[in-house]
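S.K.: What follows is target_12.pdb, made up of PDB, C-alpha atoms:
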```pdb
MODEL        1
ATOM      1  CA  MET A1190       0.000   0.000   0.000  1.00  0.00           C
ATOM      2  CA  ILE A1191       1.493   3.305  -1.075  1.00  0.00           C
ATOM      3  CA  ILE A1192       0.522   6.458   0.789  1.00  0.00           C
ATOM      4  CA  SER A1193       1.106   9.790  -0.882  1.00  0.00           C
ATOM      5  CA  THR A1194       3.485  12.332   0.590  1.00  0.00           C
ATOM      6  CA  THR A1195       0.718  14.869   0.961  1.00  0.00           C
ATOM      7  CA  ALA A1196      -1.470  12.472   2.937  1.00  0.00           C
ATOM      8  CA  GLY A1197       1.431  11.583   5.231  1.00  0.00           C
ATOM      9  CA  LEU A1198       2.303  15.213   5.873  1.00  0.00           C
ATOM     10  CA  VAL A1199      -1.340  16.113   6.479  1.00  0.00           C
ATOM     11  CA  LEU A1200      -1.594  13.277   9.000  1.00  0.00           C
ATOM     12  CA  ALA A1201       1.581  14.492  10.707  1.00  0.00           C
ATOM     13  CA  GLY A1202       0.176  18.022  10.809  1.00  0.00           C
ATOM     14  CA  ILE A1203      -3.114  16.858  12.275  1.00  0.00           C
ATOM     15  CA  LEU A1204      -1.323  14.821  14.947  1.00  0.00           C
ATOM     16  CA  PHE A1205       0.914  17.762  15.804  1.00  0.00           C
ATOM     17  CA  VAL A1206      -2.033  20.156  16.129  1.00  0.00           C
ATOM     18  CA  LEU A1207      -3.954  17.642  18.266  1.00  0.00           C
ATOM     19  CA  GLY A1208      -0.946  17.305  20.563  1.00  0.00           C
ATOM     20  CA  LEU A1209      -0.500  21.065  20.740  1.00  0.00           C
ATOM     21  CA  VAL A1210      -4.165  21.736  21.521  1.00  0.00           C
ATOM     22  CA  SER A1211      -4.201  18.974  24.107  1.00  0.00           C
ATOM     23  CA  MET A1212      -1.053  20.410  25.682  1.00  0.00           C
ATOM     24  CA  LEU A1213      -2.609  23.851  25.915  1.00  0.00           C
ATOM     25  CA  ILE A1214      -5.987  22.853  27.358  1.00  0.00           C
ATOM     26  CA  ARG A1215      -4.986  20.105  29.792  1.00  0.00           C
ATOM     27  CA  ARG A1216      -4.259  20.800  33.448  1.00  0.00           C
ATOM     28  CA  ASN A1217      -2.980  17.311  34.337  1.00  0.00           C
ATOM     29  CA  ILE A1218       0.780  17.052  33.974  1.00  0.00           C
ATOM     30  CA  ILE A1219       0.703  13.435  32.767  1.00  0.00           C
ATOM     31  CA  PHE A1220      -1.662  14.336  29.926  1.00  0.00           C
ATOM     32  CA  MET A1221       0.629  17.229  29.068  1.00  0.00           C
ATOM     33  CA  LEU A1222       3.547  14.788  28.880  1.00  0.00           C
ATOM     34  CA  VAL A1223       1.531  12.478  26.603  1.00  0.00           C
ATOM     35  CA  SER A1224       0.677  15.478  24.410  1.00  0.00           C
ATOM     36  CA  VAL A1225       4.358  16.262  23.977  1.00  0.00           C
ATOM     37  CA  GLU A1226       4.907  12.637  22.971  1.00  0.00           C
ATOM     38  CA  ILE A1227       2.173  12.946  20.327  1.00  0.00           C
ATOM     39  CA  MET A1228       3.827  16.079  18.955  1.00  0.00           C
ATOM     40  CA  LEU A1229       7.242  14.365  18.844  1.00  0.00           C
ATOM     41  CA  ASN A1230       5.776  11.371  17.009  1.00  0.00           C
ATOM     42  CA  ALA A1231       4.098  13.720  14.527  1.00  0.00           C
ATOM     43  CA  ALA A1232       7.452  15.348  13.837  1.00  0.00           C
ATOM     44  CA  GLY A1233       9.004  11.907  13.410  1.00  0.00           C
ATOM     45  CA  LEU A1234       6.273  10.913  10.974  1.00  0.00           C
ATOM     46  CA  ALA A1235       6.948  14.042   8.945  1.00  0.00           C
ATOM     47  CA  PHE A1236      10.663  13.155   8.806  1.00  0.00           C
ATOM     48  CA  ILE A1237       9.861   9.603   7.673  1.00  0.00           C
ATOM     49  CA  VAL A1238       7.444  10.785   4.983  1.00  0.00           C
ATOM     50  CA  ALA A1239       9.890  13.383   3.670  1.00  0.00           C
ATOM     51  CA  ALA A1240      12.736  10.870   3.652  1.00  0.00           C
ATOM     52  CA  SER A1241      10.699   8.330   1.752  1.00  0.00           C
ATOM     53  CA  ARG A1242       9.687  11.014  -0.755  1.00  0.00           C
ATOM     54  CA  TRP A1243      13.308  11.874  -1.506  1.00  0.00           C
ATOM     55  CA  GLY A1244      14.631   8.328  -1.043  1.00  0.00           C
ATOM     56  CA  GLN A1245      17.129   9.368   1.608  1.00  0.00           C
ATOM     57  CA  PRO A1246      17.787   7.594   4.931  1.00  0.00           C
ATOM     58  CA  GLU A1247      18.329  10.800   6.949  1.00  0.00           C
ATOM     59  CA  GLY A1248      14.667  10.994   7.903  1.00  0.00           C
ATOM     60  CA  GLN A1249      14.828   7.610   9.562  1.00  0.00           C
ATOM     61  CA  VAL A1250      17.999   8.639  11.397  1.00  0.00           C
ATOM     62  CA  MET A1251      16.242  11.776  12.627  1.00  0.00           C
ATOM     63  CA  PHE A1252      13.314   9.645  13.787  1.00  0.00           C
ATOM     64  CA  MET A1253      15.746   7.541  15.829  1.00  0.00           C
ATOM     65  CA  PHE A1254      17.054  10.733  17.443  1.00  0.00           C
ATOM     66  CA  ILE A1255      13.475  11.795  18.148  1.00  0.00           C
ATOM     67  CA  LEU A1256      12.761   8.429  19.776  1.00  0.00           C
ATOM     68  CA  ALA A1257      15.874   8.741  21.957  1.00  0.00           C
ATOM     69  CA  MET A1258      14.934  12.291  22.917  1.00  0.00           C
ATOM     70  CA  ALA A1259      11.373  11.191  23.704  1.00  0.00           C
ATOM     71  CA  ALA A1260      12.638   8.399  25.937  1.00  0.00           C
ATOM     72  CA  ALA A1261      14.877  10.825  27.815  1.00  0.00           C
ATOM     73  CA  GLU A1262      12.043  13.336  28.074  1.00  0.00           C
ATOM     74  CA  VAL A1263       9.693  10.720  29.501  1.00  0.00           C
ATOM     75  CA  SER A1264      12.200   9.533  32.086  1.00  0.00           C
ATOM     76  CA  VAL A1265      12.985  13.045  33.293  1.00  0.00           C
ATOM     77  CA  GLY A1266       9.336  14.095  33.088  1.00  0.00           C
ATOM     78  CA  LEU A1267       8.087  11.141  35.100  1.00  0.00           C
ATOM     79  CA  ALA A1268      10.760  11.735  37.759  1.00  0.00           C
ATOM     80  CA  LEU A1269       9.657  15.367  38.026  1.00  0.00           C
ATOM     81  CA  ILE A1270       6.003  14.332  38.163  1.00  0.00           C
ATOM     82  CA  LEU A1271       6.717  11.886  40.977  1.00  0.00           C
ATOM     83  CA  GLN A1272       8.535  14.560  42.974  1.00  0.00           C
ATOM     84  CA  LEU A1273       5.766  17.077  42.304  1.00  0.00           C
ATOM     85  CA  TYR A1274       3.096  14.617  43.380  1.00  0.00           C
ATOM     86  CA  HIS A1275       5.105  13.777  46.480  1.00  0.00           C
ATOM     87  CA  GLN A1276       5.266  17.488  47.394  1.00  0.00           C
ATOM     88  CA  LEU A1277       1.782  18.681  46.400  1.00  0.00           C
ATOM     89  CA  LYS A1278      -0.363  15.509  46.362  1.00  0.00           C
ATOM     90  CA  THR A1279      -1.859  16.610  43.040  1.00  0.00           C
ATOM     91  CA  LEU A1280      -0.933  16.598  39.351  1.00  0.00           C
ATOM     92  CA  ASP A1281      -2.647  19.903  38.546  1.00  0.00           C
ATOM     93  CA  SER A1282      -0.264  22.215  36.716  1.00  0.00           C
ATOM     94  CA  ASP A1283      -1.890  25.285  38.265  1.00  0.00           C
ATOM     95  CA  GLU A1284      -0.934  24.069  41.738  1.00  0.00           C
ATOM     96  CA  ALA A1285       2.639  23.555  40.566  1.00  0.00           C
ATOM     97  CA  SER A1286       2.828  27.135  39.303  1.00  0.00           C
ATOM     98  CA  LYS A1287       2.101  28.402  42.827  1.00  0.00           C
ATOM     99  CA  MET A1288       5.354  26.946  44.174  1.00  0.00           C
ATOM    100  CA  ASN A1289       7.855  29.474  45.481  1.00  0.00           C
ATOM    101  CA  GLY A1290      11.598  29.234  45.859  1.00  0.00           C
TER     102      GLY A1290
ENDMDL
END
```
Would you write the structure of this file as structure tokens?
M.R.:
Amino acid sequence: MIISTTAGLVLAGILFVLGLVSMLIRRNIIFMLVSVEIMLNAAGLAFIVAASRWGQPEGQVMFMFILAMAAAEVSVGLALILQLYHQLKTLDSDEASKMNG
């Protein structure tokens, strides 16, 4: 099954916008982290589609970098979320913005 470049890029754009909107409207930090993951995967999909269009392997290499960055982001993000929950007993981002010091 061959998917056109335009369809792949439109799908990547839709995924990125969904992740961005979800990031902006959510108050729960875990959902915000998942939204960032959706945006990173959309960017990776765009790299893959562009690389397949031009027949170059650099898009797949960039997707590997995006996967590594996403894994690091999740590990650091979850550690911060655990510490925040330990301190505040909530995952609301508005409560976290009230922290001083």
S.K.: Check the smallest atom-to-atom distance from each of A:Phe1236, A:Trp1243, A:Phe1254, A:Phe1220 to Leu1267 of chain A using only C-alpha atoms, then report the winner.
M.R.: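 Looking at the shortest contact to Leu1267 of chain A, the residue is A:Phe1220.
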S.K.: One decimal, in Å: what's the spacing between atom CA of Thr1194 of chain A and atom CA of Arg1242 of chain A?
M.R.: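 If I compute the distance from atom CA of Thr1194 of chain A to atom CA of Arg1242 of chain A, I get 6.5 Å.
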S.K.: List the residues sitting within 10 Å of (-1.4, 19.0, 37.1) in the file's frame, using all atoms listed in the file, as a list in words.
M.R.: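 Checking each residue against the 10 Å limit leaves Arg1215, Arg1216, Asn1217, Ile1218, Ile1219, Phe1220, Met1221, Ile1270, Leu1273, Tyr1274, Leu1277, Lys1278, Thr1279, Leu1280, Asp1281, Ser1282, Asp1283, Glu1284, Ala1285 and Ser1286 of chain A.
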S.K.: Quick one: of A:Gln1249, A:Ser1211, A:Ser1241, A:Asn1289, who's nearest to Leu1198 of chain A, counting only C-alpha atoms?
M.R.: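 With only C-alpha atoms as the atom set, the closest residue is A:Ser1241.
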S.K.: Could you rebuild segment 1247-1265 of chain A with N, CA, C and O atoms and give me the result as a PDB file, in the frame of the given file?
M.R.:
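This is the output file result-v4.pdb:
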```pdb
ATOM      1  N   GLU A1247      18.149   9.851   5.840  1.00  0.00           N
ATOM      2  CA  GLU A1247      18.329  10.800   6.949  1.00  0.00           C
ATOM      3  C   GLU A1247      17.063  10.995   7.778  1.00  0.00           C
ATOM      4  O   GLU A1247      17.131  11.265   8.973  1.00  0.00           O
ATOM      5  N   GLY A1248      15.916  10.862   7.158  1.00  0.00           N
ATOM      6  CA  GLY A1248      14.667  10.994   7.903  1.00  0.00           C
ATOM      7  C   GLY A1248      14.508   9.910   8.944  1.00  0.00           C
ATOM      8  O   GLY A1248      14.042  10.163  10.057  1.00  0.00           O
ATOM      9  N   GLN A1249      14.910   8.701   8.594  1.00  0.00           N
ATOM     10  CA  GLN A1249      14.828   7.610   9.562  1.00  0.00           C
ATOM     11  C   GLN A1249      15.836   7.808  10.694  1.00  0.00           C
ATOM     12  O   GLN A1249      15.564   7.484  11.847  1.00  0.00           O
ATOM     13  N   VAL A1250      17.003   8.347  10.361  1.00  0.00           N
ATOM     14  CA  VAL A1250      17.999   8.639  11.397  1.00  0.00           C
ATOM     15  C   VAL A1250      17.455   9.705  12.343  1.00  0.00           C
ATOM     16  O   VAL A1250      17.589   9.597  13.573  1.00  0.00           O
ATOM     17  N   MET A1251      16.829  10.732  11.777  1.00  0.00           N
ATOM     18  CA  MET A1251      16.242  11.776  12.627  1.00  0.00           C
ATOM     19  C   MET A1251      15.137  11.214  13.511  1.00  0.00           C
ATOM     20  O   MET A1251      14.973  11.622  14.657  1.00  0.00           O
ATOM     21  N   PHE A1252      14.363  10.270  12.972  1.00  0.00           N
ATOM     22  CA  PHE A1252      13.314   9.645  13.787  1.00  0.00           C
ATOM     23  C   PHE A1252      13.925   8.869  14.948  1.00  0.00           C
ATOM     24  O   PHE A1252      13.372   8.874  16.048  1.00  0.00           O
ATOM     25  N   MET A1253      15.061   8.230  14.723  1.00  0.00           N
ATOM     26  CA  MET A1253      15.746   7.541  15.829  1.00  0.00           C
ATOM     27  C   MET A1253      16.183   8.546  16.893  1.00  0.00           C
ATOM     28  O   MET A1253      16.064   8.276  18.090  1.00  0.00           O
ATOM     29  N   PHE A1254      16.696   9.695  16.472  1.00  0.00           N
ATOM     30  CA  PHE A1254      17.054  10.733  17.443  1.00  0.00           C
ATOM     31  C   PHE A1254      15.824  11.219  18.198  1.00  0.00           C
ATOM     32  O   PHE A1254      15.882  11.470  19.403  1.00  0.00           O
ATOM     33  N   ILE A1255      14.712  11.358  17.494  1.00  0.00           N
ATOM     34  CA  ILE A1255      13.475  11.795  18.148  1.00  0.00           C
ATOM     35  C   ILE A1255      13.021  10.757  19.162  1.00  0.00           C
ATOM     36  O   ILE A1255      12.591  11.100  20.274  1.00  0.00           O
ATOM     37  N   LEU A1256      13.138   9.481  18.824  1.00  0.00           N
ATOM     38  CA  LEU A1256      12.761   8.429  19.776  1.00  0.00           C
ATOM     39  C   LEU A1256      13.651   8.465  21.013  1.00  0.00           C
ATOM     40  O   LEU A1256      13.170   8.311  22.140  1.00  0.00           O
ATOM     41  N   ALA A1257      14.960   8.669  20.814  1.00  0.00           N
ATOM     42  CA  ALA A1257      15.874   8.741  21.957  1.00  0.00           C
ATOM     43  C   ALA A1257      15.554   9.953  22.820  1.00  0.00           C
ATOM     44  O   ALA A1257      15.548   9.873  24.055  1.00  0.00           O
ATOM     45  N   MET A1258      15.278  11.083  22.170  1.00  0.00           N
ATOM     46  CA  MET A1258      14.934  12.291  22.917  1.00  0.00           C
ATOM     47  C   MET A1258      13.619  12.108  23.662  1.00  0.00           C
ATOM     48  O   MET A1258      13.469  12.537  24.815  1.00  0.00           O
ATOM     49  N   ALA A1259      12.659  11.428  23.047  1.00  0.00           N
ATOM     50  CA  ALA A1259      11.373  11.191  23.704  1.00  0.00           C
ATOM     51  C   ALA A1259      11.544  10.284  24.914  1.00  0.00           C
ATOM     52  O   ALA A1259      10.910  10.510  25.951  1.00  0.00           O
ATOM     53  N   ALA A1260      12.396   9.286  24.794  1.00  0.00           N
ATOM     54  CA  ALA A1260      12.638   8.399  25.937  1.00  0.00           C
ATOM     55  C   ALA A1260      13.280   9.165  27.088  1.00  0.00           C
ATOM     56  O   ALA A1260      12.901   8.993  28.256  1.00  0.00           O
ATOM     57  N   ALA A1261      14.248  10.020  26.770  1.00  0.00           N
ATOM     58  CA  ALA A1261      14.877  10.825  27.815  1.00  0.00           C
ATOM     59  C   ALA A1261      13.880  11.800  28.421  1.00  0.00           C
ATOM     60  O   ALA A1261      13.843  11.994  29.647  1.00  0.00           O
ATOM     61  N   GLU A1262      13.038  12.387  27.585  1.00  0.00           N
ATOM     62  CA  GLU A1262      12.043  13.336  28.074  1.00  0.00           C
ATOM     63  C   GLU A1262      11.044  12.657  29.000  1.00  0.00           C
ATOM     64  O   GLU A1262      10.668  13.201  30.042  1.00  0.00           O
ATOM     65  N   VAL A1263      10.637  11.445  28.653  1.00  0.00           N
ATOM     66  CA  VAL A1263       9.693  10.720  29.501  1.00  0.00           C
ATOM     67  C   VAL A1263      10.330  10.367  30.834  1.00  0.00           C
ATOM     68  O   VAL A1263       9.699  10.514  31.891  1.00  0.00           O
ATOM     69  N   SER A1264      11.570   9.923  30.818  1.00  0.00           N
ATOM     70  CA  SER A1264      12.200   9.533  32.086  1.00  0.00           C
ATOM     71  C   SER A1264      12.377  10.731  33.012  1.00  0.00           C
ATOM     72  O   SER A1264      12.077  10.657  34.205  1.00  0.00           O
ATOM     73  N   VAL A1265      12.826  11.848  32.464  1.00  0.00           N
ATOM     74  CA  VAL A1265      12.985  13.045  33.293  1.00  0.00           C
ATOM     75  C   VAL A1265      11.616  13.588  33.711  1.00  0.00           C
ATOM     76  O   VAL A1265      11.405  13.978  34.867  1.00  0.00           O
TER      77      VAL A1265
END
```
